[in-house]
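A quick write-up on the structure given underneath.
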Amino acid sequence: MKRVQFSSPLLPYLFLAPQLAVIVIFFYWPSVRAIQSSFYLEDPFGFGSTFVGFDNYLGVLLSPEYLSIARFTAIFTATVTFFSLALGLLLAVKADAVIRGNAAYKTLLISVYAIAPPVAGLIGMMFFDQHIGPFVKIAAFLGWDMKVGLSYFDTAFAMIFVAVWKQIPYNFIFFLSGLQALPASVREAAAIDCRSGIKRFWTVIFPLLAPTAFFLLIINVTYALFDTFGVIDVMVKDKAANNPITLVYKVYMDGFRGNDIGGSSAQSVILMIVVFVLTVLQFRFIERRIHYT
Amino acid sequence: MATIEIDKVSKIYHGNVPAVSEVDIRIADGEFIVLVGPSGCGKSTLLRMVAGLETISSGTVRIGDRIVNDVEPADRDIAMVFQNYALYPHMTVRENLAYGLKNRRTPKPEIEARVAEAARMLELGPYLDRKPRALSGGQRQRVAMGRAIVRQPSAFLFDEPLSNLDAKLRVSMRGEIKRLQRRVGTTSLYVTHDQLEAMTLADRLVVLNGGRIEQIGRPLDVYHAPASTFVASFIGSPAMNLVQGELHGSKLAIGPALIDLGKAVPTQGAVTVGFRAEDLQAAAPGGTAAEGGSMPLRVDYVEELGSQRLVHGMVGDQAVTVALSSDATLRGEMPVTIPIGRLHFFDAESGRRLPWSSAEPHRTATAPDLLETAR
Ligand SMILES: Nc1ncnc2c1ncn2[C@@H]1O[C@H](COP(=O)(O)OP(=O)(O)O)[C@@H](O)[C@H]1O
Ligand SMILES: [Mg+2]
């Protein structure tokens, strides 16, 4: 680590101040506000609020609707994370085999994919458009009458598909750079020691890629929980009643549509705790097995 | 154990000049062959073609009695030691050693026995449960050696395995590699750019230049009869003096000096003359040059090596280095003499050695002989 000497002991804090301000204003302050309002029952028309203790939490946790949304969120998150990681890795391994040693190819692939995620998201949505979506047409051809936004299962399928589709490029880039950064001689030593390419992948290459995979796991879980909001919003188009939604969308629905600030705040506090616990668990049980080079 | 036959092997990376062209080497069972040459001369490329890590553009490689051109690296029954060791960083030393055997379905007790034996030979016992990052460079190097040894392959391939070590460790590991190879008797192909390493390790040297073989031979044969000016300047330290000379009748002119060669003259006219720094002697003060040719040397500077001193100077307008004992007297202008038999002649154009027989034959001891007596 490089040590830098500042002429005044206050100077480093001054440099950090803008960053700290951003974190405090946009992260800690809202969190504190959410915790605060989760203990109050807010008048929907803005005429004051009443302290209700843990009532909001109990109301949330005892609601069967909330629990079923929580269940869907768990399935959704696990599925999206698994498929976007697996497919990103698969594509990266295939691309790596092609571009090994060819720098021009690499830059091209990475720059194309770097601008792609928003575009990919848009294309993904269009796949399932009721009128022009090719996926809907193909499904119809196979006898599956897809009704995204109307049928619970079809909507869930489309949501997961688009969420995975959007995230693959991101995972692809990280896995590809991870693969490219592996020392060539270690792979060659493995090629001499082990005939089976698949076995080589799981015994040498994947363990060396584990730091990247772990980082992506955390990013992808967070993505599936929070950043899929836009996808869900477009799919359910405010008609959440019979459609699958995730916990984050429920927070938004209750808070901004239902004007139940207290309940919504309680939900977001619960979400915060869930994410915190999840991250701690991942670090505790997975990170320990990772070998950082 | 096996022979390796490299037959007219070339490598052309697409569109470029050949990195290796038409190389022929026959390696006997148990032989230690060293490929030596400057950086970029195609040593690694050739080795990697034998290993199967690089495709062969043309020619054939045989290991044992099998053509291996299209055989996967894992099926060639070779083991390779890499310059940066290429240990598996996530595995312990024990797992590193066992990995190749496990993948070949070697029975577990057998794996354990072989790992234990290699660990004993290389003194790796205390480190078996460590990860590579917790080892020093020398220890990593020994693990890499161990990984090759446990496999008991037909051949060892080494690609500059000592280049990442400091000078002292390099010398001791060099000895260790030679000792181990003698003990297990495995055919070895060893790549290095270090001529000293090549001289000390090789049963036979292969000197490569620009993808082509300049010379194959036992280290002392190459040292005493370099096949070209390239080999002459590459093998031996300090490098052999190479100067332009002129042959008229039996007289050799080097700048202002005139040397009488007697009857046997290799050619006439312009020629490149080579002589080693240690073959030159300071002429006795006031003495004549009866025992050989004498040249006037203008001394530029002196390098003290402790055991000897290297005197750098000019004969006429050509640079010449002389190795003298450390108690030799130095003068600004001094005559140096060379025994006629220690002169080498090379074609002035092609640089190829010109055969000639002088009164004094060159020494014939070979490196393995010397090693035998040294032990
Ligand atoms: N993958 C490659 N693609 C193109 N040229 C290469 C490749 N590998 C090596 N070369 C070229 O082939 C020549 C020989 O390289 P190499 O065998 O690595 O030399 P050495 O090991 O003797 O230093 C060099 O000119 C090098 O630039
Ligand atoms: Mg090399």
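A note on labels: chains of the structure tokens are A, B, ... as shown, every chain counts residues from 1, and ligands are counted from 1 in their shown order.
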Ligand 2 neighbours within 12 Å using only C-alpha atoms and all ligand atoms, as a ChimeraX atom specification: /B:19,35-48,82-84,158-161,163,190-194,208
Kindly export the residues of the current selection with C-alpha atoms, as a CSV table (one decimal), in the first residue's frame.
chain,number,residue,atom,x,y,z
B,19,ALA,CA,9.9,-19.5,-36.1
B,35,LEU,CA,18.4,-26.3,-26.8
B,36,VAL,CA,20.4,-23.1,-26.5
B,37,GLY,CA,20.2,-19.8,-28.4
B,38,PRO,CA,19.4,-16.2,-28.0
B,39,SER,CA,15.9,-15.0,-27.1
B,40,GLY,CA,13.4,-15.4,-30.0
B,41,CYS,CA,15.4,-18.1,-31.9
B,42,GLY,CA,12.5,-20.6,-31.6
B,43,LYS,CA,13.6,-22.8,-28.7
B,44,SER,CA,10.3,-22.6,-26.8
B,45,THR,CA,8.4,-23.1,-30.0
B,46,LEU,CA,10.3,-26.3,-30.8
B,47,LEU,CA,9.9,-27.6,-27.2
B,48,ARG,CA,6.2,-26.8,-27.2
B,82,PHE,CA,7.7,-24.2,-17.0
B,83,GLN,CA,9.7,-21.0,-16.5
B,84,ASN,CA,7.1,-19.6,-14.0
B,158,PHE,CA,12.1,-28.0,-19.5
B,159,ASP,CA,11.5,-24.4,-20.7
B,160,GLU,CA,14.0,-22.1,-19.0
B,161,PRO,CA,13.1,-23.6,-15.6
B,163,SER,CA,15.4,-18.2,-15.3
B,190,TYR,CA,15.9,-28.6,-21.9
B,191,VAL,CA,15.6,-25.0,-23.2
B,192,THR,CA,17.8,-22.2,-22.1
B,193,HIS,CA,19.3,-18.9,-23.4
B,194,ASP,CA,22.2,-19.2,-20.9
B,208,LEU,CA,19.7,-22.6,-32.5
Segment 225-227 of chain A environment, 8 Å, only C-alpha atoms, sequence neighbours closer than 5 positions dropped, as a ChimeraX atom specification: /A:73,77,246-248
Taking C-alpha atoms for each residue, export the selection above as a CSV table (one decimal), in the first residue's frame.
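For reference, part.csv as written:
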chain,number,residue,atom,x,y,z
A,73,THR,CA,-39.0,-13.4,-5.0
A,77,THR,CA,-33.7,-14.4,-7.6
A,246,THR,CA,-41.0,-9.3,-6.3
A,247,LEU,CA,-40.7,-7.7,-2.8
A,248,VAL,CA,-39.1,-4.6,-4.2
Residues of chain A within 10 Å of chain B, counting only C-alpha atoms, as a count of residues only: 26
Residue neighbourhood Val61 of chain B, 7 Å, only C-alpha atoms, exclusion window fewer than 4 positions, as a VMD selection string: chain B and resid 5 to 7 50 67 to 69
Would you output that residue set with all heavy atoms, as a PDB file, in the first residue's frame?
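Saved to part29.pdb:
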ATOM      1  N   GLU B   5      12.458 -38.338 -31.717  1.00  0.00           N
ATOM      2  CA  GLU B   5      12.994 -38.003 -33.037  1.00  0.00           C
ATOM      3  C   GLU B   5      12.239 -36.818 -33.595  1.00  0.00           C
ATOM      4  O   GLU B   5      11.024 -36.853 -33.763  1.00  0.00           O
ATOM      5  CB  GLU B   5      12.859 -39.204 -33.981  1.00  0.00           C
ATOM      6  CG  GLU B   5      13.803 -40.315 -33.634  1.00  0.00           C
ATOM      7  CD  GLU B   5      13.748 -41.438 -34.656  1.00  0.00           C
ATOM      8  OE1 GLU B   5      13.405 -41.172 -35.828  1.00  0.00           O
ATOM      9  OE2 GLU B   5      14.016 -42.582 -34.259  1.00  0.00           O
ATOM     10  N   ILE B   6      12.988 -35.765 -33.854  1.00  0.00           N
ATOM     11  CA  ILE B   6      12.407 -34.562 -34.439  1.00  0.00           C
ATOM     12  C   ILE B   6      12.888 -34.523 -35.877  1.00  0.00           C
ATOM     13  O   ILE B   6      14.083 -34.474 -36.136  1.00  0.00           O
ATOM     14  CB  ILE B   6      12.866 -33.322 -33.657  1.00  0.00           C
ATOM     15  CG1 ILE B   6      12.376 -33.424 -32.208  1.00  0.00           C
ATOM     16  CG2 ILE B   6      12.369 -32.047 -34.316  1.00  0.00           C
ATOM     17  CD1 ILE B   6      13.002 -32.415 -31.286  1.00  0.00           C
ATOM     18  N   ASP B   7      11.938 -34.627 -36.804  1.00  0.00           N
ATOM     19  CA  ASP B   7      12.305 -34.848 -38.196  1.00  0.00           C
ATOM     20  C   ASP B   7      11.777 -33.725 -39.081  1.00  0.00           C
ATOM     21  O   ASP B   7      10.577 -33.606 -39.266  1.00  0.00           O
ATOM     22  CB  ASP B   7      11.724 -36.210 -38.611  1.00  0.00           C
ATOM     23  CG  ASP B   7      12.315 -36.708 -39.915  1.00  0.00           C
ATOM     24  OD1 ASP B   7      13.352 -36.150 -40.327  1.00  0.00           O
ATOM     25  OD2 ASP B   7      11.724 -37.620 -40.515  1.00  0.00           O
ATOM     26  N   VAL B  50       6.997 -30.345 -29.351  1.00  0.00           N
ATOM     27  CA  VAL B  50       7.215 -31.690 -28.820  1.00  0.00           C
ATOM     28  C   VAL B  50       6.186 -31.993 -27.727  1.00  0.00           C
ATOM     29  O   VAL B  50       5.662 -33.095 -27.629  1.00  0.00           O
ATOM     30  CB  VAL B  50       8.651 -31.846 -28.274  1.00  0.00           C
ATOM     31  CG1 VAL B  50       8.840 -33.212 -27.630  1.00  0.00           C
ATOM     32  CG2 VAL B  50       9.673 -31.645 -29.390  1.00  0.00           C
ATOM     33  N   ILE B  67       4.424 -41.695 -33.778  1.00  0.00           N
ATOM     34  CA  ILE B  67       4.360 -40.325 -34.282  1.00  0.00           C
ATOM     35  C   ILE B  67       3.307 -39.591 -33.458  1.00  0.00           C
ATOM     36  O   ILE B  67       2.171 -40.060 -33.351  1.00  0.00           O
ATOM     37  CB  ILE B  67       3.987 -40.300 -35.771  1.00  0.00           C
ATOM     38  CG1 ILE B  67       5.125 -40.915 -36.584  1.00  0.00           C
ATOM     39  CG2 ILE B  67       3.730 -38.864 -36.232  1.00  0.00           C
ATOM     40  CD1 ILE B  67       4.899 -40.919 -38.072  1.00  0.00           C
ATOM     41  N   VAL B  68       3.692 -38.452 -32.854  1.00  0.00           N
ATOM     42  CA  VAL B  68       2.763 -37.811 -31.923  1.00  0.00           C
ATOM     43  C   VAL B  68       2.172 -36.510 -32.454  1.00  0.00           C
ATOM     44  O   VAL B  68       1.502 -35.793 -31.716  1.00  0.00           O
ATOM     45  CB  VAL B  68       3.442 -37.549 -30.555  1.00  0.00           C
ATOM     46  CG1 VAL B  68       3.775 -38.851 -29.867  1.00  0.00           C
ATOM     47  CG2 VAL B  68       4.667 -36.675 -30.719  1.00  0.00           C
ATOM     48  N   ASN B  69       2.404 -36.209 -33.728  1.00  0.00           N
ATOM     49  CA  ASN B  69       1.909 -34.939 -34.285  1.00  0.00           C
ATOM     50  C   ASN B  69       0.474 -34.611 -33.894  1.00  0.00           C
ATOM     51  O   ASN B  69       0.156 -33.480 -33.581  1.00  0.00           O
ATOM     52  CB  ASN B  69       1.994 -34.965 -35.816  1.00  0.00           C
ATOM     53  CG  ASN B  69       3.416 -34.764 -36.298  1.00  0.00           C
ATOM     54  OD1 ASN B  69       4.343 -35.288 -35.677  1.00  0.00           O
ATOM     55  ND2 ASN B  69       3.596 -34.014 -37.367  1.00  0.00           N
TER      56      ASN B  69
END
Every residue of segment 181-250 of chain B that DSSP places in strand (DSSP E), as a ChimeraX atom specification: /B:187-192,204-209,212-217,241-248
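Note that the spacing between atom CA of Ala198 of chain B and atom CA of Tyr13 of chain B amounts to 26.9 Å.
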Within 12 Å of Leu89 of chain A using only C-alpha atoms, minus same-chain residues under 2 positions, as a VMD selection string: chain A and resid 81 to 87 91 to 96 167 to 179 201 205 to 206 209 to 210 212 to 213 216 to 217
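Using only C-alpha atoms and all ligand atoms for every distance, the candidate list B:Ser57, B:Asn209, B:Gln268, B:Ser307 yields B:Asn209 as the residue closest to ligand 1.
Among A:Ala181, A:Pro9, A:Arg100, A:Leu61, the residue with the shortest atom-to-atom distance to ligand 1, counting only C-alpha atoms and all ligand atoms, is A:Arg100.
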Distance of atom CA of Phe153 of chain A from atom CA of Phe135 of chain A, expressed in Å to one decimal place: 15.1 Å
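Distance check against ligand 1 using only C-alpha atoms and all ligand atoms: of B:Gly59, B:Pro226, B:Gly210, B:Pro109, the minimum falls on B:Gly210.
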Distance in Å - atom CA of Met253 of chain A versus atom CA of Ile219 of chain A: 24.6 Å
Secondary structure check, alpha helix (DSSP H) residues of segment 122-292 of chain B, as number ranges by chain: B: 137-150, 167-184, 195-201, 219-224, 229-234
Contacts of Arg353 of chain B within 8 Å, only C-alpha atoms, excl. fewer than 2 positions in-chain, as a VMD selection string: chain B and resid 226 to 229 344 to 347 351 355
